[in-house]
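Enquirer: Structure: data_26.txt, compact mmCIF, N, CA and C atoms.
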# COMPACT_ATOMS: atom_id res chain seq x y z
N MET A 734 9.47 -1.84 20.30
CA MET A 734 9.66 -3.25 20.03
C MET A 734 10.27 -3.41 18.63
N ASP A 735 11.21 -4.29 18.51
CA ASP A 735 11.83 -4.58 17.22
C ASP A 735 11.08 -5.73 16.57
N PHE A 736 10.40 -5.42 15.44
CA PHE A 736 9.56 -6.41 14.78
C PHE A 736 10.32 -7.27 13.77
N ARG A 737 11.59 -6.99 13.53
CA ARG A 737 12.32 -7.72 12.50
C ARG A 737 12.38 -9.22 12.74
N PHE A 738 12.52 -9.62 13.98
CA PHE A 738 12.67 -11.05 14.28
C PHE A 738 11.47 -11.61 15.04
N ALA A 739 10.40 -10.84 15.15
CA ALA A 739 9.22 -11.27 15.89
C ALA A 739 8.36 -12.20 15.04
N SER A 740 7.70 -13.13 15.71
CA SER A 740 6.78 -14.02 15.01
C SER A 740 5.50 -13.26 14.67
N ARG A 741 4.72 -13.81 13.80
CA ARG A 741 3.45 -13.16 13.44
C ARG A 741 2.55 -13.03 14.65
N ASP A 742 2.49 -14.07 15.48
CA ASP A 742 1.64 -14.02 16.67
C ASP A 742 2.08 -12.89 17.60
N THR A 743 3.37 -12.72 17.76
CA THR A 743 3.90 -11.64 18.61
C THR A 743 3.50 -10.28 18.04
N ILE A 744 3.59 -10.13 16.74
CA ILE A 744 3.23 -8.87 16.10
C ILE A 744 1.75 -8.58 16.28
N TYR A 745 0.88 -9.60 16.08
CA TYR A 745 -0.56 -9.40 16.27
C TYR A 745 -0.88 -9.01 17.71
N ARG A 746 -0.22 -9.66 18.67
CA ARG A 746 -0.48 -9.31 20.08
C ARG A 746 -0.03 -7.88 20.37
N GLU A 747 1.13 -7.48 19.85
CA GLU A 747 1.63 -6.12 20.07
C GLU A 747 0.71 -5.09 19.42
N MET A 748 0.24 -5.36 18.22
CA MET A 748 -0.70 -4.45 17.55
C MET A 748 -1.98 -4.34 18.38
N GLY A 749 -2.44 -5.47 18.90
CA GLY A 749 -3.64 -5.46 19.74
C GLY A 749 -3.46 -4.61 20.98
N LYS A 750 -2.29 -4.72 21.62
CA LYS A 750 -2.01 -3.91 22.81
C LYS A 750 -2.04 -2.42 22.47
N ARG A 751 -1.47 -2.09 21.33
CA ARG A 751 -1.42 -0.68 20.93
C ARG A 751 -2.82 -0.14 20.62
N ILE A 752 -3.63 -0.95 19.98
CA ILE A 752 -5.02 -0.55 19.71
C ILE A 752 -5.76 -0.37 21.03
N GLN A 753 -5.53 -1.27 21.96
CA GLN A 753 -6.16 -1.16 23.28
C GLN A 753 -5.71 0.14 23.97
N GLN A 754 -4.43 0.49 23.86
CA GLN A 754 -3.93 1.72 24.47
C GLN A 754 -4.60 2.95 23.85
N TYR A 755 -4.78 2.95 22.53
CA TYR A 755 -5.48 4.05 21.87
C TYR A 755 -6.93 4.14 22.35
N ARG A 756 -7.58 2.99 22.48
CA ARG A 756 -8.98 2.97 22.92
C ARG A 756 -9.10 3.53 24.33
N ILE A 757 -8.23 3.09 25.22
CA ILE A 757 -8.28 3.55 26.61
C ILE A 757 -7.94 5.04 26.70
N ALA A 758 -6.94 5.49 25.92
CA ALA A 758 -6.58 6.92 25.91
C ALA A 758 -7.73 7.77 25.38
N SER A 759 -8.56 7.19 24.51
CA SER A 759 -9.72 7.90 23.98
C SER A 759 -10.94 7.76 24.89
N GLU A 760 -10.75 7.10 26.02
CA GLU A 760 -11.81 6.89 27.02
C GLU A 760 -13.04 6.22 26.41
N MET A 761 -12.78 5.15 25.64
CA MET A 761 -13.86 4.37 25.02
C MET A 761 -13.86 2.96 25.56
N THR A 762 -15.04 2.43 25.70
CA THR A 762 -15.15 1.02 26.03
C THR A 762 -15.02 0.22 24.73
N GLN A 763 -14.85 -1.08 24.86
CA GLN A 763 -14.80 -1.93 23.67
C GLN A 763 -16.11 -1.84 22.89
N ALA A 764 -17.21 -1.76 23.61
CA ALA A 764 -18.52 -1.67 22.95
C ALA A 764 -18.65 -0.36 22.17
N GLN A 765 -18.17 0.74 22.75
CA GLN A 765 -18.23 2.02 22.06
C GLN A 765 -17.35 2.03 20.81
N LEU A 766 -16.16 1.46 20.91
CA LEU A 766 -15.27 1.38 19.76
C LEU A 766 -15.90 0.50 18.67
N ALA A 767 -16.48 -0.60 19.07
CA ALA A 767 -17.12 -1.49 18.11
C ALA A 767 -18.25 -0.78 17.37
N GLU A 768 -19.02 0.00 18.10
CA GLU A 768 -20.13 0.74 17.48
C GLU A 768 -19.60 1.78 16.48
N LYS A 769 -18.55 2.49 16.87
CA LYS A 769 -17.97 3.49 15.97
C LYS A 769 -17.38 2.84 14.71
N CYS A 770 -16.80 1.66 14.87
CA CYS A 770 -16.18 0.95 13.75
C CYS A 770 -17.21 0.22 12.89
N GLY A 771 -18.37 -0.02 13.45
CA GLY A 771 -19.39 -0.78 12.72
C GLY A 771 -19.11 -2.27 12.72
N ILE A 772 -18.49 -2.75 13.80
CA ILE A 772 -18.19 -4.17 13.92
C ILE A 772 -18.65 -4.64 15.30
N SER A 773 -18.54 -5.93 15.55
CA SER A 773 -19.01 -6.46 16.83
C SER A 773 -18.00 -6.22 17.95
N LYS A 774 -18.50 -6.23 19.18
CA LYS A 774 -17.65 -6.07 20.35
C LYS A 774 -16.66 -7.23 20.43
N ARG A 775 -17.11 -8.41 20.05
CA ARG A 775 -16.24 -9.60 20.06
C ARG A 775 -15.06 -9.41 19.11
N SER A 776 -15.29 -8.75 17.97
CA SER A 776 -14.19 -8.48 17.03
C SER A 776 -13.14 -7.58 17.67
N ILE A 777 -13.59 -6.58 18.42
CA ILE A 777 -12.65 -5.69 19.12
C ILE A 777 -11.88 -6.48 20.17
N GLU A 778 -12.56 -7.34 20.91
CA GLU A 778 -11.89 -8.17 21.91
C GLU A 778 -10.81 -9.02 21.26
N ARG A 779 -11.14 -9.60 20.11
CA ARG A 779 -10.19 -10.46 19.41
C ARG A 779 -9.02 -9.66 18.84
N VAL A 780 -9.27 -8.46 18.36
CA VAL A 780 -8.18 -7.61 17.85
C VAL A 780 -7.23 -7.26 18.99
N GLU A 781 -7.78 -6.85 20.11
CA GLU A 781 -6.94 -6.43 21.23
C GLU A 781 -6.14 -7.59 21.83
N SER A 782 -6.64 -8.80 21.69
CA SER A 782 -5.91 -9.96 22.21
C SER A 782 -4.95 -10.54 21.17
N GLY A 783 -4.99 -10.03 19.95
CA GLY A 783 -4.10 -10.51 18.91
C GLY A 783 -4.64 -11.70 18.15
N GLU A 784 -5.90 -12.05 18.38
CA GLU A 784 -6.50 -13.21 17.72
C GLU A 784 -7.05 -12.89 16.34
N ASN A 785 -7.59 -11.69 16.16
CA ASN A 785 -8.24 -11.33 14.90
C ASN A 785 -7.21 -10.85 13.90
N ARG A 786 -7.20 -11.48 12.73
CA ARG A 786 -6.24 -11.12 11.69
C ARG A 786 -6.95 -10.63 10.44
N ASN A 787 -8.14 -10.09 10.63
CA ASN A 787 -8.96 -9.61 9.52
C ASN A 787 -8.55 -8.18 9.20
N MET A 788 -8.14 -7.96 7.96
CA MET A 788 -7.67 -6.63 7.54
C MET A 788 -8.80 -5.60 7.58
N ASP A 789 -10.04 -5.99 7.27
CA ASP A 789 -11.17 -5.05 7.31
C ASP A 789 -11.37 -4.50 8.71
N VAL A 790 -11.28 -5.36 9.71
CA VAL A 790 -11.45 -4.92 11.09
C VAL A 790 -10.30 -3.99 11.48
N PHE A 791 -9.10 -4.37 11.12
CA PHE A 791 -7.93 -3.57 11.44
C PHE A 791 -8.04 -2.17 10.82
N LEU A 792 -8.43 -2.10 9.54
CA LEU A 792 -8.58 -0.81 8.87
C LEU A 792 -9.71 0.02 9.48
N ALA A 793 -10.79 -0.62 9.89
CA ALA A 793 -11.89 0.10 10.52
C ALA A 793 -11.43 0.75 11.83
N VAL A 794 -10.62 0.03 12.59
CA VAL A 794 -10.10 0.59 13.85
C VAL A 794 -9.15 1.74 13.56
N LEU A 795 -8.27 1.58 12.58
CA LEU A 795 -7.35 2.66 12.22
C LEU A 795 -8.11 3.92 11.82
N GLN A 796 -9.16 3.75 11.02
CA GLN A 796 -9.94 4.91 10.58
C GLN A 796 -10.66 5.56 11.75
N THR A 797 -11.12 4.78 12.69
CA THR A 797 -11.81 5.34 13.86
C THR A 797 -10.87 6.22 14.67
N PHE A 798 -9.61 5.80 14.79
CA PHE A 798 -8.62 6.60 15.53
C PHE A 798 -7.89 7.59 14.63
N ASN A 799 -8.34 7.72 13.38
CA ASN A 799 -7.74 8.64 12.41
C ASN A 799 -6.25 8.35 12.20
N LEU A 800 -5.92 7.06 12.09
CA LEU A 800 -4.53 6.64 11.91
C LEU A 800 -4.26 6.07 10.52
N GLN A 801 -5.21 6.18 9.62
CA GLN A 801 -5.03 5.57 8.30
C GLN A 801 -3.87 6.17 7.52
N SER A 802 -3.47 7.40 7.85
CA SER A 802 -2.33 7.99 7.15
C SER A 802 -1.03 7.26 7.50
N ASN A 803 -1.02 6.54 8.61
CA ASN A 803 0.18 5.79 9.01
C ASN A 803 0.38 4.52 8.20
N ILE A 804 -0.56 4.18 7.34
CA ILE A 804 -0.40 2.99 6.50
C ILE A 804 0.80 3.18 5.58
N SER A 805 1.09 4.40 5.20
CA SER A 805 2.25 4.67 4.35
C SER A 805 3.55 4.30 5.07
N LEU A 806 3.55 4.40 6.38
CA LEU A 806 4.73 4.00 7.15
C LEU A 806 4.84 2.47 7.20
N LEU A 807 3.68 1.83 7.24
CA LEU A 807 3.66 0.37 7.32
C LEU A 807 4.09 -0.25 6.00
N VAL A 808 3.57 0.27 4.91
CA VAL A 808 3.91 -0.23 3.57
C VAL A 808 4.21 1.00 2.70
N PRO A 809 5.47 1.45 2.69
CA PRO A 809 5.79 2.64 1.90
C PRO A 809 5.72 2.36 0.40
N GLU A 810 5.50 3.43 -0.36
CA GLU A 810 5.47 3.29 -1.81
C GLU A 810 6.85 2.90 -2.31
N GLN A 811 6.87 2.08 -3.34
CA GLN A 811 8.13 1.66 -3.93
C GLN A 811 8.72 2.80 -4.74
N GLU A 812 9.95 3.17 -4.45
CA GLU A 812 10.60 4.25 -5.16
C GLU A 812 11.61 3.68 -6.14
N LEU A 813 11.83 4.41 -7.22
CA LEU A 813 12.84 4.00 -8.18
C LEU A 813 14.24 4.23 -7.62
N ARG A 814 15.08 3.25 -7.78
CA ARG A 814 16.47 3.40 -7.39
C ARG A 814 17.24 3.96 -8.58
N PRO A 815 18.37 4.59 -8.36
CA PRO A 815 19.14 5.12 -9.49
C PRO A 815 19.48 4.06 -10.53
N THR A 816 19.75 2.83 -10.09
CA THR A 816 20.07 1.77 -11.06
C THR A 816 18.87 1.42 -11.92
N ASP A 817 17.67 1.54 -11.36
CA ASP A 817 16.45 1.28 -12.14
C ASP A 817 16.30 2.33 -13.24
N ILE A 818 16.64 3.56 -12.94
CA ILE A 818 16.52 4.64 -13.92
C ILE A 818 17.51 4.42 -15.05
N ILE A 819 18.71 3.98 -14.72
CA ILE A 819 19.73 3.73 -15.74
C ILE A 819 19.31 2.59 -16.66
N LYS A 820 18.69 1.57 -16.11
CA LYS A 820 18.29 0.39 -16.88
C LYS A 820 17.08 0.65 -17.78
N GLN A 821 16.31 1.69 -17.50
CA GLN A 821 15.13 1.98 -18.31
C GLN A 821 15.56 2.42 -19.71
N PRO A 822 14.83 1.96 -20.72
CA PRO A 822 15.17 2.42 -22.07
C PRO A 822 14.86 3.91 -22.19
N LYS A 823 15.68 4.58 -22.98
CA LYS A 823 15.48 6.02 -23.16
C LYS A 823 14.20 6.25 -23.97
N LEU A 824 13.47 7.24 -23.59
CA LEU A 824 12.26 7.59 -24.31
C LEU A 824 12.62 8.32 -25.60
N LYS A 825 11.99 7.93 -26.68
CA LYS A 825 12.23 8.58 -27.96
C LYS A 825 11.61 9.96 -27.96
N LYS A 826 12.33 10.90 -28.53
CA LYS A 826 11.83 12.26 -28.64
C LYS A 826 11.31 12.55 -30.05
N ARG A 827 11.76 11.75 -31.03
CA ARG A 827 11.30 11.91 -32.41
C ARG A 827 11.50 10.59 -33.15
N VAL A 828 10.87 10.50 -34.29
CA VAL A 828 10.99 9.32 -35.13
C VAL A 828 11.80 9.70 -36.35
N TYR A 829 12.79 8.89 -36.68
CA TYR A 829 13.66 9.16 -37.82
C TYR A 829 13.70 7.92 -38.70
N HIS A 830 13.48 8.10 -39.99
CA HIS A 830 13.59 7.02 -40.96
C HIS A 830 14.72 7.36 -41.92
N SER A 831 15.53 6.36 -42.24
CA SER A 831 16.57 6.58 -43.26
C SER A 831 15.89 6.75 -44.61
N LYS A 832 16.59 7.29 -45.58
CA LYS A 832 16.01 7.51 -46.91
C LYS A 832 15.58 6.18 -47.53
N LYS A 833 16.38 5.14 -47.34
CA LYS A 833 16.05 3.83 -47.88
C LYS A 833 14.77 3.30 -47.25
N GLN A 834 14.68 3.41 -45.94
CA GLN A 834 13.51 2.93 -45.22
C GLN A 834 12.28 3.76 -45.59
N ALA A 835 12.46 5.06 -45.80
CA ALA A 835 11.35 5.94 -46.18
C ALA A 835 10.83 5.57 -47.56
N ALA A 836 11.74 5.21 -48.49
CA ALA A 836 11.35 4.83 -49.85
C ALA A 836 10.56 3.53 -49.84
N GLU A 837 10.94 2.61 -48.96
CA GLU A 837 10.25 1.32 -48.87
C GLU A 837 8.84 1.46 -48.32
N THR A 838 8.65 2.41 -47.44
CA THR A 838 7.35 2.58 -46.80
C THR A 838 6.47 3.60 -47.50
N LYS A 839 6.98 4.20 -48.59
CA LYS A 839 6.22 5.22 -49.30
C LYS A 839 4.99 4.58 -49.95
N THR A 840 3.87 5.22 -49.77
CA THR A 840 2.63 4.73 -50.36
C THR A 840 2.26 5.58 -51.55
N ILE A 841 1.53 4.99 -52.44
CA ILE A 841 1.08 5.72 -53.62
C ILE A 841 -0.11 6.58 -53.24
N GLN A 842 -0.07 7.83 -53.65
CA GLN A 842 -1.17 8.73 -53.39
C GLN A 842 -1.81 9.13 -54.72
N TRP A 843 -3.03 9.56 -54.67
CA TRP A 843 -3.72 10.02 -55.89
C TRP A 843 -2.93 11.11 -56.55
N GLY A 844 -2.76 11.02 -57.83
CA GLY A 844 -2.03 12.02 -58.58
C GLY A 844 -0.59 11.64 -58.80
N ASP A 845 -0.07 10.59 -58.17
CA ASP A 845 1.31 10.17 -58.32
C ASP A 845 1.47 9.15 -59.48
N GLU A 846 0.46 8.88 -60.22
CA GLU A 846 0.49 7.82 -61.23
C GLU A 846 1.28 8.17 -62.43
For the structure just supplied, provide its representation as structure tokens.

Expert:
Amino acid sequence: MDFRFASRDTIYREMGKRIQQYRIASEMTQAQLAEKCGISKRSIERVESGENRNMDVFLAVLQTFNLQSNISLLVPEQELRPTDIIKQPKLKKRVYHSKKQAAETKTIQWGDE
């Protein structure tokens, strides 16, 4: 399914169908999945129908099916683009003071009187 132009409701229903497919492939009832997730059976029913939009429930189901590593596919880490690297200020490798600036910042030390 192409999610680029899908409504939020369509996406929730599709996610629910996929969760239901995982549950059935794992030969679990909704009650068994709910118990493993630590949530109510009604919450599982609502997730599978696309009604539940609670992130905690969604993450609990993903963890139960050992799919939490796929979150990186859903929201990938932001990578630096080459233009971002060029725009970054260069990191200083050393500090240099001109002689004039060094003379202005010179402090008096004991014995210099």

Enquirer: Would you mind reading off the distance between atom N of Leu795 in chain A and CA of Ile752 in chain A, one decimal, in Å?

Expert: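 Interatomic distance, atom N of Leu795 in chain A to CA of Ile752 in chain A: 8.1 Å.
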
Enquirer: CA of Glu784 in chain A and atom N of Arg746 in chain A are how many Å apart?

Expert: 7.3 Å

Enquirer: Just the number, please: distance in Å from atom N of Gln796 in chain A to atom C of Tyr745 in chain A, one decimal.

Expert: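 These two atoms are separated by 16.6 Å.
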
Enquirer: Env of Val790 in chain A: 8 Å cut, atoms = all atoms listed in the file, seq-sep filter 5 positions within chain, self excluded. Answer as number ranges by chain.

Expert: A: 770, 772, 776-777, 780, 785, 795-796

Enquirer: Run DSSP on the backbone and tell me which residues of range 752-820 of chain A come out as alpha helix (DSSP H); list them as number ranges by chain.

Expert: A: 752-758, 763-770, 774-782, 788-797, 804-807, 815-820

Enquirer: For Met734 in chain A, list every protein, DNA or RNA residue within 10 Å, evaluated using only C-alpha atoms, and leave out those in the same chain fewer than 3 positions away; present the list as a list in words.

Expert: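 Final neighbour list, sorted by chain and number: Arg737, Ala739, Ile744 and Glu747 of chain A.
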